[in-house]
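One file, final16.cif, is given below (mmCIF, C-alpha atoms).
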```
data_coords
#
loop_
_atom_site.label_atom_id
_atom_site.label_comp_id
_atom_site.auth_asym_id
_atom_site.auth_seq_id
_atom_site.Cartn_x
_atom_site.Cartn_y
_atom_site.Cartn_z
CA MET A 1 177.90 162.39 250.57
CA ASP A 2 175.37 162.74 253.41
CA SER A 3 177.71 163.26 256.36
CA HIS A 4 176.82 165.08 259.58
CA PRO A 5 178.92 168.30 259.62
CA ALA A 6 178.93 168.70 263.41
CA LEU A 7 180.01 165.10 263.91
CA CYS A 8 182.81 165.46 261.37
CA GLN A 9 183.85 168.59 263.27
CA ALA A 10 183.93 166.67 266.56
CA ILE A 11 186.01 163.86 265.05
CA ALA A 12 188.43 166.38 263.54
CA ASN A 13 188.77 168.08 266.93
CA ARG A 14 189.60 164.74 268.53
CA ILE A 15 192.23 164.00 265.90
CA VAL A 16 194.03 167.34 265.89
CA THR A 17 194.15 167.54 269.69
CA ASN A 18 195.71 164.07 269.87
CA PRO A 19 199.51 164.35 270.22
CA GLN A 20 199.96 161.93 267.29
CA LYS A 21 197.26 163.63 265.18
CA ARG A 22 195.40 160.35 264.79
CA ILE A 23 192.87 158.14 266.57
CA THR A 24 192.29 154.40 266.43
CA PHE A 25 189.56 153.16 264.14
CA ALA A 26 187.77 151.90 267.26
CA GLU A 27 187.68 155.46 268.61
CA TYR A 28 186.48 156.76 265.24
CA MET A 29 183.73 154.12 265.03
CA ASP A 30 182.66 154.83 268.59
CA MET A 31 182.23 158.53 267.81
CA VAL A 32 180.41 157.86 264.52
CA LEU A 33 177.91 155.53 266.18
CA TYR A 34 177.68 156.73 269.77
CA HIS A 35 178.65 160.40 270.00
CA PRO A 36 176.17 161.65 272.64
CA GLU A 37 174.68 164.32 270.33
CA TYR A 38 175.43 163.42 266.74
CA GLY A 39 176.19 159.69 266.66
CA TYR A 40 174.13 157.36 264.48
CA TYR A 41 172.60 155.54 267.46
CA SER A 42 172.42 158.57 269.73
CA SER A 43 170.27 160.74 267.48
CA ASP A 44 167.01 160.04 265.69
CA THR A 45 168.96 159.01 262.57
CA VAL A 46 168.79 155.27 263.15
CA LYS A 47 166.10 153.57 261.09
CA ILE A 48 165.16 149.91 261.53
CA GLY A 49 162.69 148.12 259.30
CA PHE A 50 161.64 147.65 255.71
CA GLN A 51 160.10 151.07 255.06
CA GLY A 52 162.95 153.54 254.62
CA GLY A 53 165.20 151.79 257.13
CA ASP A 54 168.94 151.17 256.87
CA PHE A 55 168.55 147.53 257.92
CA PHE A 56 166.00 145.19 259.46
CA THR A 57 166.24 142.68 262.29
CA SER A 58 164.46 139.42 263.07
CA SER A 59 161.91 141.23 265.23
CA SER A 60 160.95 143.37 262.22
CA LEU A 61 159.38 140.27 260.63
CA GLY A 62 156.51 139.88 263.09
CA ASN A 63 155.84 138.40 266.52
CA ASP A 64 157.29 134.93 265.94
CA PHE A 65 160.93 135.62 266.73
CA GLY A 66 160.12 137.18 270.12
CA GLU A 67 157.53 134.54 270.96
CA LEU A 68 159.95 131.69 270.23
CA LEU A 69 162.62 133.37 272.35
CA ALA A 70 159.99 133.60 275.12
CA VAL A 71 159.55 129.82 274.90
CA GLN A 72 163.28 129.44 275.58
CA PHE A 73 163.27 131.94 278.46
CA PHE A 74 160.37 130.08 280.09
CA GLN A 75 162.35 126.84 280.00
CA MET A 76 165.39 128.60 281.47
CA TRP A 77 163.23 129.75 284.37
CA GLN A 78 162.05 126.18 284.93
CA ILE A 79 165.59 124.76 284.80
CA LEU A 80 166.78 127.31 287.36
CA GLY A 81 164.05 126.18 289.77
CA GLN A 82 161.55 128.98 289.04
CA PRO A 83 163.40 131.74 290.95
CA THR A 84 161.53 134.85 292.08
CA PRO A 85 162.31 137.23 290.53
CA PHE A 86 163.70 135.99 287.23
CA SER A 87 165.57 138.89 285.62
CA LEU A 88 165.50 139.10 281.84
CA VAL A 89 168.05 141.69 280.75
CA GLU A 90 167.83 142.79 277.12
CA MET A 91 170.92 144.65 275.98
CA GLY A 92 170.34 146.96 273.02
CA ALA A 93 166.58 146.82 272.54
CA GLY A 94 166.17 148.84 269.33
CA PHE A 95 162.66 150.28 269.17
CA GLY A 96 161.41 147.93 271.91
CA ILE A 97 159.57 145.73 269.43
CA LEU A 98 161.24 142.50 270.55
CA ALA A 99 160.56 143.27 274.22
CA SER A 100 156.91 143.91 273.41
CA HIS A 101 156.57 140.57 271.61
CA ILE A 102 158.25 138.65 274.43
CA LEU A 103 156.24 140.26 277.21
CA ASN A 104 152.87 139.99 275.45
CA TYR A 105 153.42 136.31 274.73
CA LEU A 106 154.48 135.45 278.28
CA LYS A 107 151.55 137.37 279.74
CA LEU A 108 149.11 135.26 277.70
CA GLN A 109 150.84 131.88 277.64
CA HIS A 110 152.79 131.73 280.91
CA PRO A 111 151.17 134.12 283.42
CA ASP A 112 152.91 132.38 286.35
CA PHE A 113 156.29 133.21 284.82
CA PHE A 114 155.17 136.69 283.78
CA THR A 115 154.23 137.65 287.34
CA VAL A 116 157.75 136.94 288.65
CA LEU A 117 159.57 138.39 285.62
CA GLU A 118 161.77 141.45 286.03
CA TYR A 119 162.41 142.87 282.56
CA ILE A 120 165.40 145.20 282.33
CA ILE A 121 166.56 147.06 279.23
CA ILE A 122 170.12 148.28 278.81
CA GLU A 123 170.11 151.03 276.20
CA LYS A 124 172.91 153.47 275.46
CA SER A 125 171.01 155.58 272.92
CA PRO A 126 168.80 158.33 274.43
CA SER A 127 166.56 158.47 271.35
CA LEU A 128 166.05 154.71 271.25
CA ARG A 129 165.38 154.60 274.97
CA GLN A 130 162.67 157.23 274.52
CA GLU A 131 161.14 155.16 271.69
CA GLN A 132 161.21 152.05 273.89
CA GLN A 133 159.60 153.81 276.84
CA GLN A 134 156.77 155.03 274.66
CA ARG A 135 156.16 151.60 273.15
CA LEU A 136 156.40 149.78 276.49
CA GLN A 137 154.66 152.31 278.71
CA ASP A 138 152.04 149.74 279.77
CA GLN A 139 154.65 147.10 280.61
CA ASN A 140 156.62 146.62 283.81
CA VAL A 141 160.06 147.42 282.40
CA ARG A 142 163.07 149.06 284.02
CA TRP A 143 165.81 150.92 282.15
CA CYS A 144 169.38 151.33 283.35
CA ASN A 145 172.99 151.27 282.22
CA LEU A 146 174.95 148.04 282.43
CA GLU A 147 177.36 149.65 284.89
CA GLU A 148 174.44 150.38 287.24
CA ILE A 149 173.65 146.69 287.76
CA ALA A 150 175.27 145.49 290.98
CA PRO A 151 177.85 142.69 290.75
CA ASN A 152 176.51 139.18 291.32
CA SER A 153 172.92 140.43 291.47
CA ILE A 154 171.14 138.91 288.46
CA ILE A 155 169.45 135.53 288.52
CA GLY A 156 168.03 134.96 285.06
CA CYS A 157 169.30 135.69 281.58
CA PHE A 158 171.21 138.44 279.81
CA PHE A 159 170.38 138.42 276.10
CA SER A 160 171.10 140.44 272.99
CA ASN A 161 170.11 140.35 269.34
CA GLU A 162 172.45 142.07 266.89
CA LEU A 163 174.24 144.06 269.57
CA VAL A 164 177.87 142.90 269.55
CA ASP A 165 178.27 143.51 265.81
CA ALA A 166 177.86 147.27 266.47
CA PHE A 167 180.64 147.49 269.08
CA PRO A 168 183.61 149.61 267.93
CA VAL A 169 186.40 147.46 266.52
CA HIS A 170 190.12 147.97 266.08
CA GLN A 171 191.31 147.43 262.54
CA PHE A 172 194.69 145.96 261.70
CA THR A 173 196.76 144.88 258.75
CA LEU A 174 199.89 142.80 258.29
CA GLU A 175 203.04 144.43 256.99
CA ALA A 176 206.09 142.20 256.46
CA GLY A 177 204.50 139.71 258.82
CA GLU A 178 204.08 142.29 261.58
CA LEU A 179 200.80 143.39 263.18
CA ARG A 180 200.10 147.03 262.34
CA GLU A 181 197.09 148.99 263.57
CA ILE A 182 194.99 151.16 261.26
CA TYR A 183 194.49 154.70 262.55
CA VAL A 184 192.28 157.54 261.28
CA THR A 185 193.53 161.06 260.59
CA THR A 186 192.59 163.96 258.31
CA SER A 187 193.95 164.80 254.90
CA GLN A 188 194.08 168.48 255.89
CA ASN A 189 197.05 169.83 257.82
CA LEU A 190 195.11 171.24 260.77
CA THR A 191 196.27 172.44 264.16
CA PRO A 192 194.38 172.56 267.48
CA GLU A 193 193.81 176.28 266.80
CA THR A 194 192.20 175.72 263.36
CA PRO A 195 190.23 172.42 263.45
CA SER A 196 186.97 174.21 262.70
CA LEU A 197 188.06 174.72 259.09
CA LEU A 198 187.36 171.08 258.38
CA GLY A 199 183.78 171.22 259.56
CA GLU A 200 183.02 174.08 257.21
CA LYS A 201 184.01 172.14 254.12
CA SER A 202 181.71 169.94 252.09
CA ASN A 203 184.53 167.63 250.98
CA ILE A 204 185.34 166.30 254.44
CA GLU A 205 188.01 163.64 254.19
CA PHE A 206 189.29 161.21 256.78
CA ILE A 207 192.15 158.94 255.76
CA GLU A 208 193.90 155.92 257.19
CA VAL A 209 197.49 155.65 258.41
CA LEU A 210 199.37 152.70 259.87
CA GLY A 211 201.18 152.56 263.19
CA GLU A 212 202.24 150.35 266.06
CA PRO A 213 199.38 148.62 267.92
CA SER A 214 197.77 150.99 270.42
CA THR A 215 197.59 148.27 273.07
CA PRO A 216 199.25 144.87 273.69
CA GLN A 217 195.72 143.45 273.98
CA LEU A 218 195.57 143.28 270.18
CA ALA A 219 198.37 140.73 269.96
CA ALA A 220 197.08 138.91 273.06
CA TYR A 221 193.70 138.53 271.34
CA PHE A 222 195.16 136.06 268.86
CA ASP A 223 196.55 133.97 271.71
CA LEU A 224 193.03 133.90 273.15
CA VAL A 225 191.48 132.58 269.93
CA GLU A 226 194.50 130.41 269.03
CA ILE A 227 195.23 132.05 265.70
CA GLU A 228 198.84 132.48 264.59
CA LEU A 229 199.34 135.27 262.08
CA SER A 230 202.38 133.69 260.48
CA GLN A 231 203.91 135.21 257.36
CA SER A 232 203.74 131.84 255.60
CA THR A 233 199.94 131.69 256.02
CA TYR A 234 198.82 135.31 255.77
CA ALA A 235 199.82 137.54 252.86
CA ASP A 236 201.09 141.06 253.25
CA GLY A 237 198.17 143.48 253.28
CA TYR A 238 195.84 141.03 255.06
CA ARG A 239 193.30 143.16 256.93
CA SER A 240 190.65 142.45 259.54
CA GLU A 241 189.15 143.58 262.86
CA ILE A 242 189.51 142.88 266.57
CA ASN A 243 186.57 143.51 268.90
CA LEU A 244 188.11 144.26 272.29
CA ALA A 245 184.91 146.05 273.36
CA ALA A 246 183.04 142.73 273.17
CA LEU A 247 185.42 141.24 275.73
CA ASP A 248 184.99 144.21 278.08
CA TRP A 249 181.21 143.93 277.71
CA LEU A 250 181.21 140.21 278.43
CA SER A 251 183.36 140.76 281.54
CA ILE A 252 180.76 143.13 282.97
CA VAL A 253 177.86 140.81 282.09
CA ALA A 254 179.58 137.83 283.70
CA ASP A 255 180.33 139.88 286.80
CA CYS A 256 176.68 140.97 287.14
CA LEU A 257 175.26 137.47 286.61
CA GLN A 258 174.91 135.48 289.82
CA ARG A 259 173.23 132.45 288.28
CA GLY A 260 171.69 131.80 284.90
CA TYR A 261 172.41 132.31 281.22
CA VAL A 262 173.87 134.64 278.61
CA LEU A 263 172.23 134.37 275.17
CA THR A 264 173.95 136.14 272.27
CA ILE A 265 172.44 136.21 268.77
CA ASP A 266 174.40 137.86 265.98
CA TYR A 267 176.02 137.30 262.64
CA GLY A 268 179.54 135.98 262.83
CA TYR A 269 181.89 133.02 262.70
CA PRO A 270 184.24 130.97 264.83
CA SER A 271 187.79 132.34 264.73
CA SER A 272 189.02 129.78 262.22
CA ARG A 273 186.52 131.13 259.67
CA TYR A 274 186.70 134.76 260.75
CA TYR A 275 190.46 134.94 260.27
CA ASN A 276 190.64 132.63 257.28
CA PRO A 277 193.55 133.85 255.12
CA ARG A 278 191.17 134.03 252.13
CA ARG A 279 188.95 136.56 253.98
CA SER A 280 191.69 139.09 253.43
CA GLN A 281 189.68 142.33 253.82
CA GLY A 282 187.81 141.58 257.04
CA THR A 283 184.07 141.83 257.63
CA LEU A 284 183.42 145.55 258.21
CA GLN A 285 180.18 146.67 256.53
CA CYS A 286 178.18 149.89 256.38
CA TYR A 287 174.40 150.00 255.96
CA TYR A 288 172.58 152.92 254.43
CA HIS A 289 168.96 152.65 253.23
CA HIS A 290 169.16 148.83 252.94
CA ARG A 291 172.31 149.00 250.86
CA HIS A 292 175.64 147.85 252.17
CA HIS A 293 179.20 148.84 251.28
CA ASP A 294 182.60 148.90 252.98
CA ASN A 295 183.46 152.61 253.19
CA PRO A 296 183.04 153.96 256.75
CA TYR A 297 184.28 157.43 255.74
CA ILE A 298 181.15 158.50 253.88
CA ASN A 299 177.63 159.21 255.21
CA ILE A 300 179.30 159.85 258.56
CA GLY A 301 176.72 159.71 261.34
CA ARG A 302 173.99 158.76 258.86
CA GLN A 303 174.84 155.08 258.34
CA ASP A 304 175.32 152.00 260.48
CA ILE A 305 178.77 150.41 260.73
CA THR A 306 179.14 146.80 261.83
CA ALA A 307 181.62 143.94 261.90
CA HIS A 308 180.90 140.24 262.25
CA VAL A 309 181.21 138.63 265.69
CA ASP A 310 184.02 136.27 266.61
CA PHE A 311 182.13 133.64 268.61
CA THR A 312 185.32 131.79 269.58
CA ALA A 313 186.51 134.93 271.35
CA LEU A 314 183.23 135.19 273.28
CA GLU A 315 183.41 131.53 274.32
CA SER A 316 187.09 131.63 275.30
CA TRP A 317 186.86 134.94 277.14
CA GLY A 318 183.64 133.82 278.79
CA LYS A 319 185.45 130.85 280.33
CA LYS A 320 188.02 133.22 281.83
CA CYS A 321 185.11 135.19 283.32
CA GLY A 322 183.39 132.16 284.85
CA LEU A 323 180.91 131.47 282.03
CA ASN A 324 180.49 127.90 280.80
CA SER A 325 179.69 127.28 277.16
CA VAL A 326 176.28 125.59 276.89
CA GLY A 327 176.16 125.47 273.12
CA TRP A 328 176.38 127.24 269.78
CA THR A 329 174.03 126.81 266.85
CA GLN A 330 172.57 128.75 263.95
CA GLN A 331 169.43 130.82 264.30
CA GLY A 332 167.49 128.73 261.79
CA LEU A 333 168.07 125.52 263.76
CA PHE A 334 167.50 127.32 267.07
CA LEU A 335 164.07 128.63 266.02
CA MET A 336 163.03 125.34 264.39
CA ALA A 337 163.83 123.53 267.64
CA LEU A 338 161.67 126.05 269.52
CA GLY A 339 158.65 125.41 267.30
CA LEU A 340 158.93 127.49 264.15
CA GLY A 341 158.33 124.39 262.02
CA GLU A 342 155.00 123.77 263.75
CA ARG A 343 154.02 127.38 263.10
CA LEU A 344 154.74 126.92 259.41
CA ALA A 345 152.76 123.68 259.31
CA THR A 346 149.62 125.25 260.80
CA LEU A 347 149.54 128.22 258.42
CA SER A 348 147.46 126.43 255.78
CA SER A 349 144.77 125.54 258.31
CA GLN A 350 144.29 129.08 259.60
CA ASN A 351 141.18 130.96 258.56
CA GLN A 352 142.95 134.03 257.19
CA PRO A 353 143.08 135.79 253.81
CA LEU A 354 145.58 134.14 251.48
CA SER A 355 147.68 137.30 251.26
CA GLN A 356 148.19 137.31 255.05
CA VAL A 357 149.10 133.62 255.08
CA LEU A 358 151.66 134.10 252.30
CA ASN A 359 153.19 137.16 253.99
CA ARG A 360 153.59 135.33 257.29
CA ARG A 361 155.02 132.28 255.57
CA GLU A 362 157.58 134.50 253.84
CA ALA A 363 158.48 136.12 257.18
CA LEU A 364 158.96 132.73 258.85
CA HIS A 365 161.14 131.53 255.99
CA GLN A 366 163.30 134.64 256.27
CA LEU A 367 163.93 133.90 259.95
CA ILE A 368 165.46 130.52 259.04
CA SER A 369 166.96 131.29 255.63
CA PRO A 370 170.45 129.72 255.47
CA THR A 371 171.66 132.64 253.35
CA GLY A 372 170.23 135.32 255.65
CA LEU A 373 168.98 135.57 259.22
CA GLY A 374 168.94 131.80 259.63
CA SER A 375 172.72 131.71 259.40
CA PHE A 376 173.17 134.00 262.41
CA GLY A 377 175.01 132.44 265.33
CA VAL A 378 173.32 131.70 268.66
CA LEU A 379 175.68 131.32 271.60
CA VAL A 380 174.43 130.25 275.03
CA GLN A 381 176.65 130.48 278.11
CA SER A 382 175.81 129.78 281.73
CA LYS A 383 177.05 130.51 285.22
CA GLU A 384 176.69 128.69 288.56
CA LEU A 385 174.26 126.02 287.39
CA THR A 386 174.10 122.89 289.50
CA ALA A 387 175.27 119.64 287.95
CA LYS A 388 171.65 118.57 287.50
CA GLN A 389 170.67 121.88 285.90
CA ALA A 390 173.64 121.78 283.53
CA LEU A 391 172.53 118.36 282.27
CA GLN A 392 169.12 119.67 281.16
CA CYS A 393 169.39 120.52 277.49
CA LEU A 394 167.92 123.81 276.35
CA LYS A 395 165.14 123.27 273.84
CA GLY A 396 166.66 125.67 271.32
CA LEU A 397 169.88 123.68 271.26
CA THR A 398 168.24 120.31 270.52
CA ILE A 399 168.13 118.89 267.02
CA PRO A 400 164.80 119.99 265.53
CA GLY A 401 162.48 117.22 264.39
#
```

Write-out of the structure in structure tokens:
Amino acid sequence: MDSHPALCQAIANRIVTNPQKRITFAEYMDMVLYHPEYGYYSSDTVKIGFQGGDFFTSSSLGNDFGELLAVQFFQMWQILGQPTPFSLVEMGAGFGILASHILNYLKLQHPDFFTVLEYIIIEKSPSLRQEQQQRLQDQNVRWCNLEEIAPNSIIGCFFSNELVDAFPVHQFTLEAGELREIYVTTSQNLTPETPSLLGEKSNIEFIEVLGEPSTPQLAAYFDLVEIELSQSTYADGYRSEINLAALDWLSIVADCLQRGYVLTIDYGYPSSRYYNPRRSQGTLQCYYHHRHHDNPYINIGRQDITAHVDFTALESWGKKCGLNSVGWTQQGLFLMALGLGERLATLSSQNQPLSQVLNRREALHQLISPTGLGSFGVLVQSKELTAKQALQCLKGLTIPG
């Protein structure tokens, strides 16, 4: 398989230097995706889009997704009393395509808002940040790390599109009704003095072993989402994921937000569906050249690894962090409420070649497809809104006509 030898070497080093000769799956996934030199998102390996990409996002389908989000951001600015500046913080901006669509639309359609807009991009990947800076070189955009934003300093909106699904997750299974964590080790009997032997082999093999939970936060997570892993409901061998990194991330975002909104778009479920006993193998997926499978131990460093988002956890944890839940909906309904239906209706009257009209219609339908992007969840949370502001319904959360 197409694994990165140096990355496999680094993972093996981490395992054999650990006193227990194992690492959590979350640590493994973090290295695979975010190792500063060889990780999937840290190098130039990541490919987004239809042509030779591993996956595509809503912004890959044209300008409409970003422009409709811009409509929502403009209303947020109005509800908040048109603050100056209004900070729009995009977390995980890919190639910068979505930012470009949002900024270009606001510049043309809402110049008054555009002039007071502070656009900030939080990007962990050096290669993606370089791509964004090249694409957005004519725009007034600032890059920084989330930890560099001062507490209680942002008035505006933090938003992300397909970010949380790529956070490293802990994996667990149930054994005789007990919570057991899944760890990663090597099949070779290596020592700290000889870990380099693994990196020289073509048949690199990482295997899973079970152990006690690495942190009491794993058990506490199910109290947070009100799921009881009873032996009578869940069969032995039931397996799934826990995204503790998402809670840490949301804590920082809530701490940085003085007043405004948090908008999270991703694929996922409420906890009752996520941890349904019939979904007995979890949601972990790997993406490689537009094909998906469930083996994270091949194509190491060359493929994306994701897990669905537990929106109940984000809502419940958000409340503990001072975030109020404004609403949850599906992307298809969200975009229709923001005007996607009107865009579809006007296609036939546009003076364009038929092929262009059909391509755009197909792109718009993909954005709202109930079996694809349209089924993504959209969660909106708020902080420190006045009673009057909280009563004003966001356009994207209304029932589309």

* Counting all atoms listed in the file, which of A:Thr185, A:Phe172, A:Gln78, A:Tyr275 gets nearest to Asn13 (chain A)? -> A:Thr185

* **Selection near region 337-340 of chain A, 8 Å with all atoms listed in the file, sequence-local residues under 2 positions removed, as a PyMOL selection string** => chain A and resi 64+68-69+71-72+333-335+342-344+364+395-401

Take the residues just selected and output them with C-alpha atoms as a CSV table (one decimal), in the coordinates of the input.
```csv
chain,number,residue,atom,x,y,z
A,64,ASP,CA,157.3,134.9,265.9
A,68,LEU,CA,160.0,131.7,270.2
A,69,LEU,CA,162.6,133.4,272.4
A,71,VAL,CA,159.6,129.8,274.9
A,72,GLN,CA,163.3,129.4,275.6
A,333,LEU,CA,168.1,125.5,263.8
A,334,PHE,CA,167.5,127.3,267.1
A,335,LEU,CA,164.1,128.6,266.0
A,342,GLU,CA,155.0,123.8,263.8
A,343,ARG,CA,154.0,127.4,263.1
A,344,LEU,CA,154.7,126.9,259.4
A,364,LEU,CA,159.0,132.7,258.8
A,395,LYS,CA,165.1,123.3,273.8
A,396,GLY,CA,166.7,125.7,271.3
A,397,LEU,CA,169.9,123.7,271.3
A,398,THR,CA,168.2,120.3,270.5
A,399,ILE,CA,168.1,118.9,267.0
A,400,PRO,CA,164.8,120.0,265.5
A,401,GLY,CA,162.5,117.2,264.4
```

* **Selected residue of minimal separation from Phe167 (chain A) among A:Leu179, A:Leu284, A:Leu373, A:Ile23, counting all atoms listed in the file** =>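 Result for the nearest residue to Phe167 (chain A): A:Leu284.
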
* Asked: What do you get, as an NGL selection string, if you spell out every residue that the PyMOL selection byres ((chain A and resi 96) around 12) selects here?
  -> :A and (48 or 57 or 59-60 or 66 or 90-95 or 97-103 or 119-123 or 127-137 or 139 or 141 or 143 or 161)

* Near-region 297-313 of chain A list (7 Å; all atoms listed in the file; drop same-chain fewer than 5 positions) as JSON, numbers by chain -> {"A": [1, 2, 3, 4, 7, 32, 33, 38, 39, 40, 45, 164, 165, 166, 206, 224, 225, 266, 267, 268, 269, 270, 271, 274, 283, 284, 285, 286, 287, 288]}

* Asked: What is the distance, in Å and to one decimal place, between CA of Leu117 (chain A) and CA of Leu247 (chain A)?
  ->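 Computed distance, CA of Leu117 (chain A) to CA of Leu247 (chain A), equals 27.8 Å.
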
* To do: State, in Å with one decimal place, the distance from CA of Asn104 (chain A) to CA of Trp249 (chain A).
  =>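 Calculated distance between CA of Asn104 (chain A) and CA of Trp249 (chain A) is 28.7 Å.
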
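When all atoms listed in the file are used to measure the gap to Thr371 (chain A), the shortest distance among A:Leu385, A:Ser125, A:Gly332, A:Tyr105 belongs to A:Gly332.
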
* Hey, can you check how far CA of Val380 (chain A) sits from CA of Gly327 (chain A)? -> 5.4 Å
